[in-house]
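Below: entry34.txt (compact mmCIF, C-alpha atoms and all ligand atoms)
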```
# COMPACT_ATOMS: atom_id res chain seq x y z
CA MET C 1 0.00 0.00 0.00
CA SER C 2 1.51 3.26 -1.08
CA VAL C 3 1.68 6.37 1.03
CA ILE C 4 0.14 8.20 -1.96
CA ASN C 5 -3.48 7.24 -2.39
CA VAL C 6 -4.02 7.76 -6.10
CA PRO C 7 -5.75 4.87 -7.90
CA ARG C 8 -4.44 3.89 -11.28
CA PRO C 9 -6.61 4.98 -14.20
CA ALA C 10 -9.32 2.54 -15.28
CA SER C 11 -7.27 1.64 -18.36
CA MET C 12 -4.57 0.27 -16.05
CA GLN C 13 -6.94 -1.90 -14.00
CA ASP C 14 -6.46 -5.03 -16.02
CA PRO C 15 -5.89 -8.54 -14.57
CA ASP C 16 -3.20 -9.29 -17.19
CA LEU C 17 -1.30 -6.17 -16.19
CA GLN C 18 -1.51 -7.28 -12.56
CA ILE C 19 0.03 -10.64 -13.44
CA PHE C 20 2.79 -8.86 -15.34
CA GLU C 21 3.42 -6.51 -12.42
CA ASP C 22 3.58 -9.37 -9.91
CA SER C 23 6.13 -11.23 -11.98
CA ALA C 24 8.21 -8.07 -12.52
CA ARG C 25 8.09 -7.41 -8.77
CA ARG C 26 9.38 -10.92 -8.10
CA PHE C 27 12.12 -10.42 -10.68
CA PHE C 28 13.36 -7.19 -9.09
CA ALA C 29 13.09 -8.66 -5.57
CA ASP C 30 15.19 -11.66 -6.64
CA HIS C 31 17.74 -9.91 -8.83
CA ALA C 32 18.03 -6.32 -7.60
CA THR C 33 18.75 -7.29 -4.00
CA PRO C 34 20.49 -4.74 -1.76
CA GLU C 35 23.72 -6.76 -2.20
CA ALA C 36 23.41 -6.70 -6.00
CA VAL C 37 22.69 -2.96 -6.05
CA THR C 38 25.71 -2.32 -3.80
CA ARG C 39 27.86 -4.30 -6.24
CA TRP C 40 26.45 -2.40 -9.24
CA ARG C 41 27.19 0.88 -7.52
CA ALA C 42 30.77 -0.20 -6.82
CA ASN C 43 31.22 -1.35 -10.44
CA GLY C 44 29.49 1.68 -11.95
CA GLN C 45 27.18 -0.60 -13.92
CA VAL C 46 24.71 -3.43 -13.45
CA ASP C 47 25.86 -7.03 -13.96
CA ILE C 48 25.78 -7.58 -17.69
CA GLU C 49 24.00 -10.92 -17.11
CA LEU C 50 21.01 -8.99 -15.76
CA TRP C 51 19.93 -8.23 -19.32
CA GLY C 52 19.68 -11.90 -20.28
CA LYS C 53 17.85 -12.70 -17.06
CA ALA C 54 15.39 -9.85 -17.60
CA ALA C 55 14.83 -11.11 -21.15
CA LYS C 56 14.03 -14.61 -19.87
CA ALA C 57 11.56 -13.09 -17.41
CA GLY C 58 9.83 -11.33 -20.32
CA LEU C 59 10.78 -7.81 -19.23
CA LEU C 60 12.63 -6.67 -22.35
CA MET C 61 10.73 -5.20 -25.28
CA VAL C 62 7.56 -5.98 -23.41
CA SER C 63 5.47 -3.59 -25.49
CA ALA C 64 6.87 -4.63 -28.89
CA PRO C 65 4.69 -6.85 -31.09
CA GLU C 66 5.23 -10.60 -30.77
CA GLU C 67 6.12 -10.88 -34.47
CA TYR C 68 9.33 -8.98 -33.60
CA GLY C 69 10.05 -11.12 -30.55
CA GLY C 70 8.44 -8.65 -28.15
CA GLY C 71 5.99 -9.28 -25.34
CA GLY C 72 2.95 -8.06 -27.28
CA GLY C 73 2.09 -5.56 -24.54
CA ASP C 74 1.72 -1.81 -24.77
CA PHE C 75 2.93 1.39 -23.16
CA ARG C 76 1.11 0.50 -19.91
CA HIS C 77 3.57 -2.36 -19.42
CA ASP C 78 6.51 0.01 -19.90
CA VAL C 79 5.07 2.43 -17.35
CA ILE C 80 4.36 -0.30 -14.80
CA LEU C 81 7.91 -1.63 -15.13
CA GLN C 82 9.53 1.78 -14.63
CA GLU C 83 7.14 2.72 -11.82
CA LEU C 84 7.94 -0.54 -10.05
CA ALA C 85 11.70 -0.26 -10.47
CA SER C 86 11.69 3.27 -9.03
CA ARG C 87 9.34 2.31 -6.18
CA MET C 88 11.57 -0.65 -5.29
CA GLY C 89 14.79 1.34 -5.43
CA VAL C 90 16.23 -0.61 -8.37
CA GLU C 91 19.23 1.47 -9.35
CA GLY C 92 21.12 1.61 -12.61
CA PHE C 93 19.21 -0.80 -14.83
CA GLY C 94 18.59 1.13 -18.05
CA PHE C 95 15.84 -1.06 -19.45
CA THR C 96 13.62 1.90 -20.35
CA LEU C 97 16.31 3.10 -22.76
CA GLN C 98 16.00 -0.29 -24.44
CA ASN C 99 12.24 -0.89 -24.23
CA VAL C 100 10.86 2.59 -24.78
CA ILE C 101 13.52 4.85 -26.20
CA VAL C 102 15.78 3.08 -28.70
CA GLY C 103 13.37 0.17 -29.11
CA GLY C 104 10.68 2.78 -29.75
CA TYR C 105 12.77 4.50 -32.43
CA ILE C 106 13.31 1.22 -34.23
CA LEU C 107 9.65 0.24 -33.99
CA SER C 108 8.36 3.62 -35.13
CA HIS C 109 10.95 4.56 -37.71
CA GLY C 110 12.91 1.45 -38.72
CA THR C 111 12.40 -0.27 -42.04
CA GLU C 112 10.77 -3.69 -41.92
CA GLU C 113 14.19 -5.29 -42.44
CA GLN C 114 15.69 -3.26 -39.56
CA LYS C 115 12.87 -4.22 -37.20
CA ARG C 116 13.39 -7.90 -37.97
CA ARG C 117 17.17 -7.55 -37.67
CA TRP C 118 17.30 -5.81 -34.28
CA LEU C 119 14.08 -6.09 -32.28
CA PRO C 120 14.18 -9.86 -31.56
CA ARG C 121 17.77 -9.52 -30.29
CA LEU C 122 16.75 -6.57 -28.10
CA ALA C 123 14.01 -8.75 -26.62
CA GLU C 124 16.52 -11.56 -25.98
CA GLY C 125 18.91 -9.21 -24.23
CA LYS C 126 21.59 -10.00 -26.82
CA LEU C 127 21.60 -6.38 -27.92
CA ILE C 128 21.78 -3.61 -25.31
CA CYS C 129 20.88 -0.12 -26.48
CA ALA C 130 22.02 3.43 -25.91
CA ILE C 131 21.07 6.73 -27.50
CA ALA C 132 23.95 9.07 -28.28
CA MET C 133 22.85 12.64 -28.85
CA THR C 134 24.90 14.75 -26.44
CA GLU C 135 28.41 15.93 -27.35
CA PRO C 136 31.05 17.73 -25.29
CA ASN C 137 30.09 21.01 -26.96
CA THR C 138 26.35 20.60 -27.24
CA GLY C 139 23.49 18.99 -25.37
CA SER C 140 20.46 21.25 -25.33
CA ASP C 141 21.10 22.60 -28.81
CA LEU C 142 20.91 19.50 -30.97
CA GLN C 143 21.23 21.54 -34.15
CA ALA C 144 24.84 22.21 -33.17
CA ILE C 145 25.80 18.51 -33.30
CA ARG C 146 29.20 18.07 -34.92
CA THR C 147 29.46 14.31 -35.23
CA SER C 148 29.48 13.63 -38.94
CA ALA C 149 28.52 10.61 -41.01
CA ARG C 150 29.89 10.81 -44.53
CA LYS C 151 28.47 8.45 -47.11
CA GLU C 152 31.10 6.50 -49.06
CA GLY C 153 29.78 3.78 -51.33
CA GLY C 154 28.10 1.13 -49.20
CA HIS C 155 28.86 2.64 -45.81
CA TYR C 156 29.02 5.75 -43.63
CA ARG C 157 32.22 7.00 -42.06
CA ILE C 158 31.43 8.45 -38.62
CA ASN C 159 33.65 10.95 -36.80
CA GLY C 160 32.91 12.65 -33.51
CA THR C 161 32.59 12.34 -29.75
CA LYS C 162 29.51 11.72 -27.65
CA THR C 163 29.35 12.20 -23.89
CA PHE C 164 27.16 11.40 -20.86
CA ILE C 165 25.77 8.35 -22.66
CA SER C 166 23.68 6.09 -20.41
CA ASN C 167 24.32 2.36 -20.99
CA GLY C 168 27.41 3.62 -22.85
CA LEU C 169 29.71 0.94 -21.43
CA GLN C 170 27.42 -2.02 -21.99
CA ALA C 171 25.56 -1.05 -25.14
CA ASN C 172 26.31 -2.92 -28.34
CA LEU C 173 23.63 -1.21 -30.44
CA ILE C 174 23.98 2.55 -30.24
CA CYS C 175 21.65 4.99 -31.93
CA VAL C 176 23.94 7.86 -32.91
CA VAL C 177 22.69 11.29 -33.94
CA ALA C 178 25.04 12.50 -36.68
CA SER C 179 25.06 15.02 -39.44
CA THR C 180 24.86 13.52 -42.91
CA ASP C 181 24.63 17.00 -44.45
CA PRO C 182 26.76 19.49 -42.49
CA GLY C 183 25.35 22.57 -44.23
CA ALA C 184 21.71 21.73 -43.52
CA GLY C 185 21.45 22.24 -39.71
CA SER C 186 18.75 20.12 -38.10
CA ARG C 187 17.53 18.97 -41.55
CA GLY C 188 20.91 17.32 -42.07
CA LEU C 189 20.75 15.12 -38.94
CA SER C 190 20.25 11.38 -39.23
CA LEU C 191 20.04 8.43 -36.83
CA LEU C 192 22.70 5.78 -37.45
CA MET C 193 22.53 2.47 -35.63
CA VAL C 194 26.03 1.40 -34.68
CA GLU C 195 26.52 -2.29 -33.93
CA THR C 196 29.66 -1.86 -31.89
CA GLU C 197 31.00 -5.39 -32.22
CA ASN C 198 31.53 -5.00 -35.97
CA THR C 199 32.69 -1.40 -35.94
CA PRO C 200 36.38 -0.58 -36.17
CA GLY C 201 37.04 3.03 -35.20
CA PHE C 202 34.58 2.92 -32.28
CA GLU C 203 35.89 3.26 -28.70
CA ARG C 204 34.43 3.83 -25.26
CA GLY C 205 35.91 6.07 -22.58
CA GLN C 206 36.25 5.32 -18.89
CA PRO C 207 33.08 5.33 -16.78
CA LEU C 208 32.29 8.96 -15.94
CA LYS C 209 32.47 9.83 -12.25
CA LYS C 210 29.11 11.29 -11.19
CA ILE C 211 27.61 12.70 -8.01
CA GLY C 212 24.70 10.24 -8.20
CA THR C 213 23.18 7.35 -10.18
CA HIS C 214 26.32 5.37 -9.38
CA ALA C 215 24.92 2.03 -10.53
CA GLN C 216 24.05 3.42 -13.98
CA ASP C 217 26.84 3.28 -16.51
CA THR C 218 27.51 6.60 -18.18
CA ALA C 219 30.33 6.97 -20.68
CA GLU C 220 31.98 8.94 -23.42
CA LEU C 221 32.00 7.37 -26.89
CA PHE C 222 34.52 8.06 -29.63
CA PHE C 223 34.07 7.56 -33.35
CA SER C 224 37.16 7.95 -35.51
CA ASP C 225 36.53 6.87 -39.05
CA ALA C 226 34.06 4.34 -37.69
CA ILE C 227 32.54 2.43 -40.58
CA VAL C 228 28.81 1.69 -40.45
CA PRO C 229 26.90 -0.07 -43.25
CA ILE C 230 24.45 2.07 -45.18
CA ASP C 231 21.68 -0.34 -44.12
CA ASN C 232 22.07 0.96 -40.56
CA LEU C 233 20.60 4.37 -41.37
CA LEU C 234 17.38 4.24 -39.35
CA GLY C 235 14.43 4.33 -41.72
CA GLY C 236 16.72 4.37 -44.75
CA VAL C 237 16.26 8.10 -45.47
CA GLU C 238 18.80 10.76 -44.49
CA GLY C 239 17.95 13.97 -42.65
CA LYS C 240 15.04 12.58 -40.62
CA ALA C 241 16.59 12.50 -37.12
CA PHE C 242 14.89 15.64 -35.85
CA PRO C 243 11.31 14.60 -36.60
CA GLN C 244 12.13 11.02 -35.52
CA LEU C 245 13.47 12.23 -32.16
CA MET C 246 10.67 14.75 -31.63
CA LYS C 247 7.97 12.16 -32.24
CA GLU C 248 9.27 9.93 -29.44
CA LEU C 249 10.37 12.60 -26.96
CA ALA C 250 6.96 13.04 -25.31
CA ARG C 251 6.92 9.45 -24.07
CA GLU C 252 10.56 9.67 -22.98
CA ARG C 253 9.83 12.75 -20.91
CA LEU C 254 6.78 11.12 -19.40
CA MET C 255 9.04 8.24 -18.33
CA VAL C 256 11.30 10.72 -16.50
CA ALA C 257 8.20 11.85 -14.61
CA VAL C 258 7.14 8.24 -13.91
CA THR C 259 10.62 7.61 -12.45
CA GLY C 260 10.27 10.76 -10.37
CA VAL C 261 6.94 9.76 -8.84
CA GLY C 262 8.28 6.30 -7.93
CA SER C 263 11.32 7.84 -6.25
CA ILE C 264 9.17 10.35 -4.36
CA GLU C 265 6.98 7.53 -3.02
CA LEU C 266 10.01 5.58 -1.88
CA ALA C 267 11.53 8.65 -0.20
CA LEU C 268 8.28 9.40 1.63
CA GLU C 269 7.87 5.80 2.76
CA ASP C 270 11.43 5.61 4.08
CA THR C 271 11.06 8.96 5.81
CA ILE C 272 7.73 8.27 7.49
CA ALA C 273 9.12 4.99 8.84
CA TYR C 274 12.26 6.75 10.09
CA VAL C 275 10.56 9.67 11.87
CA LYS C 276 8.13 7.28 13.58
CA GLU C 277 11.07 5.22 14.83
CA ARG C 278 13.67 7.76 15.99
CA SER C 279 13.27 9.82 19.15
CA VAL C 280 14.82 13.18 20.01
CA PHE C 281 14.07 15.39 23.03
CA GLY C 282 12.06 12.49 24.45
CA GLN C 283 9.61 12.21 21.55
CA LYS C 284 9.43 10.74 18.10
CA ILE C 285 10.55 13.07 15.31
CA PHE C 286 7.12 12.44 13.81
CA ASP C 287 5.43 14.03 16.86
CA PHE C 288 6.82 17.50 16.12
CA GLN C 289 4.18 19.53 14.35
CA ASN C 290 6.91 20.80 12.00
CA THR C 291 7.52 17.22 10.80
CA GLN C 292 3.85 16.54 10.27
CA PHE C 293 3.24 19.80 8.42
CA LYS C 294 6.26 19.39 6.17
CA LEU C 295 5.40 15.78 5.37
CA ALA C 296 1.78 16.78 4.77
CA GLU C 297 3.02 19.30 2.21
CA CYS C 298 5.25 16.65 0.62
CA LYS C 299 2.39 14.16 0.43
CA THR C 300 0.15 16.78 -1.17
CA GLU C 301 2.74 17.61 -3.82
CA ALA C 302 3.40 13.91 -4.40
CA THR C 303 -0.32 13.31 -4.90
CA ILE C 304 -0.55 16.13 -7.44
CA ALA C 305 2.49 14.71 -9.26
CA LYS C 306 0.99 11.24 -9.48
CA VAL C 307 -2.43 12.46 -10.63
CA PHE C 308 -0.79 14.51 -13.36
CA VAL C 309 1.42 11.64 -14.49
CA TYR C 310 -1.59 9.33 -14.76
CA HIS C 311 -3.42 12.04 -16.71
CA CYS C 312 -0.47 12.18 -19.14
CA LEU C 313 -0.39 8.41 -19.34
CA GLU C 314 -4.07 8.32 -20.35
CA ARG C 315 -3.35 10.88 -23.04
CA ALA C 316 -0.33 8.90 -24.23
CA LEU C 317 -2.44 5.73 -24.44
CA ALA C 318 -4.98 7.64 -26.54
CA GLY C 319 -2.13 8.83 -28.79
CA GLU C 320 -2.76 12.42 -27.67
CA LEU C 321 0.19 13.30 -25.44
CA ASP C 322 1.56 16.53 -26.88
CA THR C 323 5.08 17.87 -26.43
CA ALA C 324 4.10 20.71 -24.09
CA THR C 325 2.08 18.53 -21.71
CA ALA C 326 4.83 15.90 -21.53
CA SER C 327 7.32 18.71 -20.89
CA MET C 328 5.12 19.98 -18.02
CA ALA C 329 5.16 16.51 -16.48
CA LYS C 330 8.95 16.26 -16.75
CA LEU C 331 9.42 19.80 -15.45
CA TRP C 332 6.98 19.74 -12.58
CA VAL C 333 7.63 16.24 -11.28
CA SER C 334 11.42 16.56 -11.39
CA GLU C 335 11.26 19.89 -9.54
CA ALA C 336 8.84 18.42 -6.98
CA GLN C 337 11.11 15.40 -6.61
CA GLY C 338 14.04 17.70 -5.80
CA ARG C 339 12.04 19.61 -3.16
CA ILE C 340 10.46 16.54 -1.56
CA VAL C 341 13.57 14.37 -1.39
CA ASP C 342 15.56 17.28 0.02
CA GLN C 343 12.95 17.81 2.73
CA CYS C 344 12.80 14.08 3.49
CA LEU C 345 16.57 13.89 3.84
CA GLN C 346 16.46 16.70 6.43
CA PHE C 347 14.45 14.49 8.79
CA PHE C 348 17.23 11.90 8.79
CA GLY C 349 19.69 14.42 10.21
CA GLY C 350 23.31 13.29 9.71
CA TYR C 351 22.21 9.82 8.65
CA GLY C 352 20.58 11.41 5.62
CA TYR C 353 24.02 12.46 4.47
CA MET C 354 25.42 8.92 4.70
CA GLU C 355 25.47 6.94 1.49
CA GLU C 356 24.40 3.74 3.18
CA TYR C 357 21.02 5.34 3.78
CA ARG C 358 18.79 5.11 0.74
CA ILE C 359 17.52 8.64 1.24
CA ALA C 360 21.02 9.97 0.53
CA ARG C 361 21.09 8.05 -2.75
CA LEU C 362 17.57 9.17 -3.67
CA TYR C 363 18.77 12.73 -3.07
CA THR C 364 21.84 12.58 -5.33
CA ASP C 365 20.04 10.48 -7.95
CA ALA C 366 17.18 13.01 -8.11
CA ARG C 367 19.39 15.85 -9.26
CA VAL C 368 19.91 14.62 -12.79
CA GLN C 369 16.17 14.41 -13.40
CA ARG C 370 16.14 18.20 -13.90
CA ILE C 371 18.99 17.97 -16.43
CA TYR C 372 18.64 14.94 -18.69
CA GLY C 373 15.83 14.21 -21.10
CA GLY C 374 16.14 17.92 -21.95
CA ALA C 375 17.10 20.44 -19.25
CA ASN C 376 14.11 21.92 -17.45
CA GLU C 377 14.75 25.30 -19.08
CA ILE C 378 14.19 23.59 -22.44
CA MET C 379 10.92 22.19 -21.06
CA LYS C 380 9.84 25.75 -20.23
CA MET C 381 10.73 26.90 -23.76
CA LEU C 382 8.57 24.12 -25.22
CA ILE C 383 5.68 24.94 -22.91
CA ALA C 384 6.02 28.68 -23.62
CA ARG C 385 5.62 28.04 -27.36
CA THR C 386 2.00 27.07 -26.68
CA LEU C 387 1.13 30.29 -24.82
C1 LIG T 401 23.63 11.06 -15.86
C2 LIG T 401 23.35 11.57 -17.24
C3 LIG T 401 22.88 10.70 -18.20
C4 LIG T 401 22.66 11.16 -19.50
N1 LIG T 401 22.27 10.26 -20.47
C5 LIG T 401 22.27 10.66 -21.77
C6 LIG T 401 22.07 9.73 -22.83
O1 LIG T 401 21.84 8.53 -22.59
N2 LIG T 401 22.15 10.17 -24.11
C7 LIG T 401 22.38 11.48 -24.41
O2 LIG T 401 22.44 11.80 -25.58
N3 LIG T 401 22.56 12.38 -23.44
C8 LIG T 401 22.52 12.02 -22.13
N4 LIG T 401 22.73 12.93 -21.13
C9 LIG T 401 22.97 14.31 -21.49
C10 LIG T 401 21.82 15.25 -21.14
O3 LIG T 401 20.71 15.00 -21.95
C11 LIG T 401 22.37 16.68 -21.30
O4 LIG T 401 23.30 16.86 -20.24
C12 LIG T 401 21.29 17.72 -21.26
O5 LIG T 401 20.49 17.65 -22.42
C13 LIG T 401 21.87 19.14 -21.16
O6 LIG T 401 22.86 19.33 -22.13
P1 LIG T 401 24.31 19.90 -21.70
O7 LIG T 401 24.79 19.07 -20.56
O8 LIG T 401 25.15 20.01 -22.89
O9 LIG T 401 24.00 21.32 -21.11
P2 LIG T 401 23.90 22.68 -21.96
O10 LIG T 401 23.14 22.46 -23.20
O11 LIG T 401 25.27 23.28 -22.03
O12 LIG T 401 23.02 23.56 -20.98
C14 LIG T 401 23.49 23.92 -19.68
C15 LIG T 401 22.43 24.72 -18.98
O13 LIG T 401 22.21 25.94 -19.70
C16 LIG T 401 20.87 26.33 -19.57
N5 LIG T 401 20.25 26.42 -20.90
C17 LIG T 401 20.55 25.69 -22.01
N6 LIG T 401 19.79 26.06 -23.03
C18 LIG T 401 18.99 27.06 -22.59
C19 LIG T 401 17.97 27.86 -23.18
N7 LIG T 401 17.62 27.71 -24.46
N8 LIG T 401 17.33 28.78 -22.41
C20 LIG T 401 17.66 28.94 -21.11
N9 LIG T 401 18.64 28.21 -20.50
C21 LIG T 401 19.27 27.27 -21.22
C22 LIG T 401 20.17 25.25 -18.72
O14 LIG T 401 20.18 25.64 -17.36
C23 LIG T 401 21.07 24.05 -18.93
O15 LIG T 401 21.00 23.11 -17.86
C24 LIG T 401 22.89 12.51 -19.82
C25 LIG T 401 23.32 13.39 -18.83
C26 LIG T 401 23.57 12.93 -17.56
C27 LIG T 401 24.09 13.90 -16.54
```
Could I get this file's structure written as C-alpha cells?
Amino acid sequence: MSVINVPRPASMQDPDLQIFEDSARRFFADHATPEAVTRWRANGQVDIELWGKAAKAGLLMVSAPEEYGGGGGDFRHDVILQELASRMGVEGFGFTLQNVIVGGYILSHGTEEQKRRWLPRLAEGKLICAIAMTEPNTGSDLQAIRTSARKEGGHYRINGTKTFISNGLQANLICVVASTDPGAGSRGLSLLMVETENTPGFERGQPLKKIGTHAQDTAELFFSDAIVPIDNLLGGVEGKAFPQLMKELARERLMVAVTGVGSIELALEDTIAYVKERSVFGQKIFDFQNTQFKLAECKTEATIAKVFVYHCLERALAGELDTATASMAKLWVSEAQGRIVDQCLQFFGGYGYMEEYRIARLYTDARVQRIYGGANEIMKMLIARTL
C-alpha cells in the first residue's frame, strides 16, 4: 500500500497487467537485492547478465509486437515496469532506454528489415541499447551537433565524440545522432545504428564519475573513421533524425516523470518509517508539528504529481500526449522530486548524508532528473511556445 493514495486509471486496471506486475516485482526482488545494487554501484554498472535474465523473465521489449520477438504488450507495461523499479529502489538498470527509447525508435521509424534484424535480439537481451545525442560542446542545442557521417559507397564513415551516454559501457547497439549533411542544420541530422562489435574506429571512454546514479553506466564514446553499413541508417532516409526524435520525446519525458513519482513515493515511505522510529528530546521526530506539516506538504505535492502523471499516461495511451504537456510533467515532477527528497533527507539528520542510507542516494540520484531528457529550461521553452 503506497503512502500516496491515487488509484491507477481505469485503463490500467487489467488482470493481465496485474500478473505482469507481480512477476516483474518478483524479478526485481530476486535480482536487484540490496547486495546486488551495492555491487552495481561499486562497479558503476549493473551485472551484464542482468539483461539476459530480464529477457528470460519477459521484461525486455515488453510492449513490442510478438512478431518482432516482443511481449505483445503496450505502453502501460513500460510504465508499470519503470514505476515498479523506481518504487523498489532498483538502481542503474537502463531497461527503459531499451524498451521505450531506442526500441521505440526502431519500432516507429525502422524499415521492416531493420525491425526484424534488431528487435528480436533486443528482446533476448543480446543487444543492449544506448542513444547518443549529447556531445562535449552541445546537449540542449541538438542543431549544433558536430558528429558527422559521410556516405562513401556502401557505408558511412562516422567521426565525432559523444558524452554522458547512459548504458554507454554495456551497449552494443547505439543509436547515434550525426550530421549527414553538415550545411543543412537540423535537416541534415540522421540516426545511425552502430553495432559496436563490428565497428572498427569505435571506442568507449572510462566510466564517468558522477555525483549520483552510481549504478548506472555513463560513458563517453569516440568515433574515428568508424565504418557503419548504409543499411544501418534508421528508416533508410537521411535527414530525418529531428522529426524522428521529436515524435518519441513526449513518451521519454513522461518516463522521467514516472521515475520521479516512484522515487518520491520511496523517499516518503522511508522517511515516514524513520521519523516514527527515531526519538529526540524524548519524543518521536514524527510528533513535532513541523515534521507533520512538512510531510503533509510533501504528500500533497506527491499526490498532485501522481495524478498529473496518470493524466499524461491516459493521453499517451490515446495517442494524444503533446510535447508541451509531456514537458510539463517532466518539469513539474522533477522539480517536486528535488524539493520533496531534500525535505525528506532533512528528517534523517546526519544519517541522511550517509550513502548507506537510501535517502542519501535518492537525493543525489534526483538531481539529474532536472537535467537529462532535456534540461528543465528547455521544457519551459517548449511549454512557452504554446502560450
Ligand atoms: C547522468 C546523465 C545521463 C545522460 N544520459 C544521456 C544519454 O543517454 N544520451 C544522451 O544523448 N545524453 C545524455 N545525457 C545528457 C543530457 O541529456 C544533457 O546533459 C542535457 O540535455 C543538457 O545538455 P548539456 O549538458 O550540454 O547542457 P547545456 O546544453 O550546455 O546547458 C546547460 C544549462 O544551460 C541552460 N540552458 C541551455 N539552453 C537554454 C535555453 N535555451 N534557455 C535557457 N537556459 C538554457 C540550462 O540551465 C542548462 O541546464 C545525460 C546526462 C547525464 C548527466
Quick check, in Å to one decimal: how far apart do atom C6 of ligand LIG 401 (chain T) and atom CA of C:Ile48 lie? 18.4 Å
Report as a VMD selection string which protein, DNA and RNA residues come within 8 Å of ligand LIG 401 (chain T), using all atoms listed in the file. chain C and resid 97 130 to 141 162 to 168 210 212 to 213 216 218 368 370 to 378 381
Compile the contact shell of C:Trp51 as a PyMOL selection string: residues with an atom at most 8 Å away, counting all atoms listed in the file, same-chain residues fewer than 3 positions apart removed. chain C and resi 48+54-55+125-126+128
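Here the question is which of C:Pro200, C:Gly70, C:Gly262, C:Gly350 gets nearest to C:Arg87 using all atoms listed in the file, and that residue is C:Gly262.
One distance worth recording is that between atom CA of C:Arg116 and atom CA of C:Ile174, which is 16.8 Å.
Between C:Ile101 and the residues C:Ile272, C:His311, C:Gly73, C:Ser63, the shortest atom-to-atom distance, using all atoms listed in the file, involves C:Ser63.
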What does the distance from atom CA of C:Phe281 to atom CA of C:Ala360 come to in Å, to one decimal? 24.2 Å
Residues within 8 Å of C:Gly103, please, as number ranges by chain. Count only C-alpha atoms; anything in the same chain fewer than 4 positions from it doesn't count. C: 61, 97-99, 107, 119, 122, 129
Nearest to C:His214 among C:Ala241, C:Leu189, C:Leu362, C:Ala336, with distances taken over only C-alpha atoms: which residue is it? C:Leu362
Quick one: residues within 12 Å of C:Asp47, only C-alpha atoms, excluding same-chain residues fewer than 5 positions away - as number ranges by chain? C: 31-32, 35-42, 52-54, 91-94, 167, 169-170, 215-217
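Closest to C:Gly110 among C:Leu84, C:Met193, C:Val177, C:Leu50 is C:Met193, based on all atoms listed in the file.
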Would you kindly return, as a tab-separated table (two decimals) with C-alpha atoms, in the coordinates of the input, each protein, DNA or RNA residue with an atom no farther than 8 Å from any atom of stretch 263-268 of chain C, considering only C-alpha atoms and excluding same-chain residues fewer than 4 positions away?
```tsv
chain	number	residue	atom	x	y	z
C	2	SER	CA	1.51	3.26	-1.08
C	3	VAL	CA	1.68	6.37	1.03
C	4	ILE	CA	0.14	8.20	-1.96
C	86	SER	CA	11.69	3.27	-9.03
C	87	ARG	CA	9.34	2.31	-6.18
C	88	MET	CA	11.57	-0.65	-5.29
C	89	GLY	CA	14.79	1.34	-5.43
C	259	THR	CA	10.62	7.61	-12.45
C	272	ILE	CA	7.73	8.27	7.49
C	295	LEU	CA	5.40	15.78	5.37
C	298	CYS	CA	5.25	16.65	0.62
C	299	LYS	CA	2.39	14.16	0.43
C	302	ALA	CA	3.40	13.91	-4.40
C	337	GLN	CA	11.11	15.40	-6.61
C	340	ILE	CA	10.46	16.54	-1.56
C	341	VAL	CA	13.57	14.37	-1.39
C	344	CYS	CA	12.80	14.08	3.49
C	359	ILE	CA	17.52	8.64	1.24
C	362	LEU	CA	17.57	9.17	-3.67
```
Which residues are close to C:Leu254, i.e. within 9 Å by all atoms listed in the file, leaving aside same-chain residues fewer than 2 positions away? Reply as a PyMOL selection string. chain C and resi 249-252+256-259+309+312-313+316+326-327+329-330
With distances taken over only C-alpha atoms, which of C:Val261, C:Ala324, C:Leu382, C:Leu233 is nearest to C:Gln114? C:Leu233
Using only C-alpha atoms: which of C:Val333, C:Asn159, C:Thr300, C:Arg253 has the shortest distance to C:Leu321: C:Arg253
For stretch 374-384 of chain C, supply N, CA and C atoms and report the output as a PDB file, keeping the file's coordinate frame.
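Result saved to selection35.pdb:
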```
ATOM      1  N   GLY C 374      16.409  16.504 -21.667  1.00  0.00           N
ATOM      2  CA  GLY C 374      16.140  17.920 -21.950  1.00  0.00           C
ATOM      3  C   GLY C 374      16.138  18.677 -20.637  1.00  0.00           C
ATOM      4  N   ALA C 375      17.037  19.658 -20.493  1.00  0.00           N
ATOM      5  CA  ALA C 375      17.100  20.440 -19.250  1.00  0.00           C
ATOM      6  C   ALA C 375      15.744  21.108 -19.011  1.00  0.00           C
ATOM      7  N   ASN C 376      15.439  21.372 -17.750  1.00  0.00           N
ATOM      8  CA  ASN C 376      14.110  21.920 -17.450  1.00  0.00           C
ATOM      9  C   ASN C 376      13.863  23.282 -18.103  1.00  0.00           C
ATOM     10  N   GLU C 377      14.931  24.013 -18.366  1.00  0.00           N
ATOM     11  CA  GLU C 377      14.750  25.300 -19.080  1.00  0.00           C
ATOM     12  C   GLU C 377      14.224  25.038 -20.502  1.00  0.00           C
ATOM     13  N   ILE C 378      14.679  23.943 -21.096  1.00  0.00           N
ATOM     14  CA  ILE C 378      14.190  23.590 -22.440  1.00  0.00           C
ATOM     15  C   ILE C 378      12.703  23.206 -22.354  1.00  0.00           C
ATOM     16  N   MET C 379      12.337  22.531 -21.253  1.00  0.00           N
ATOM     17  CA  MET C 379      10.920  22.190 -21.060  1.00  0.00           C
ATOM     18  C   MET C 379      10.085  23.475 -21.036  1.00  0.00           C
ATOM     19  N   LYS C 380      10.596  24.484 -20.321  1.00  0.00           N
ATOM     20  CA  LYS C 380       9.840  25.750 -20.230  1.00  0.00           C
ATOM     21  C   LYS C 380       9.712  26.405 -21.601  1.00  0.00           C
ATOM     22  N   MET C 381      10.795  26.336 -22.398  1.00  0.00           N
ATOM     23  CA  MET C 381      10.730  26.900 -23.760  1.00  0.00           C
ATOM     24  C   MET C 381       9.614  26.216 -24.562  1.00  0.00           C
ATOM     25  N   LEU C 382       9.558  24.879 -24.446  1.00  0.00           N
ATOM     26  CA  LEU C 382       8.570  24.120 -25.220  1.00  0.00           C
ATOM     27  C   LEU C 382       7.149  24.445 -24.761  1.00  0.00           C
ATOM     28  N   ILE C 383       7.004  24.609 -23.452  1.00  0.00           N
ATOM     29  CA  ILE C 383       5.680  24.940 -22.910  1.00  0.00           C
ATOM     30  C   ILE C 383       5.298  26.361 -23.363  1.00  0.00           C
ATOM     31  N   ALA C 384       6.287  27.270 -23.291  1.00  0.00           N
ATOM     32  CA  ALA C 384       6.020  28.680 -23.620  1.00  0.00           C
ATOM     33  C   ALA C 384       5.577  28.849 -25.074  1.00  0.00           C
TER      34      ALA C 384
END
```
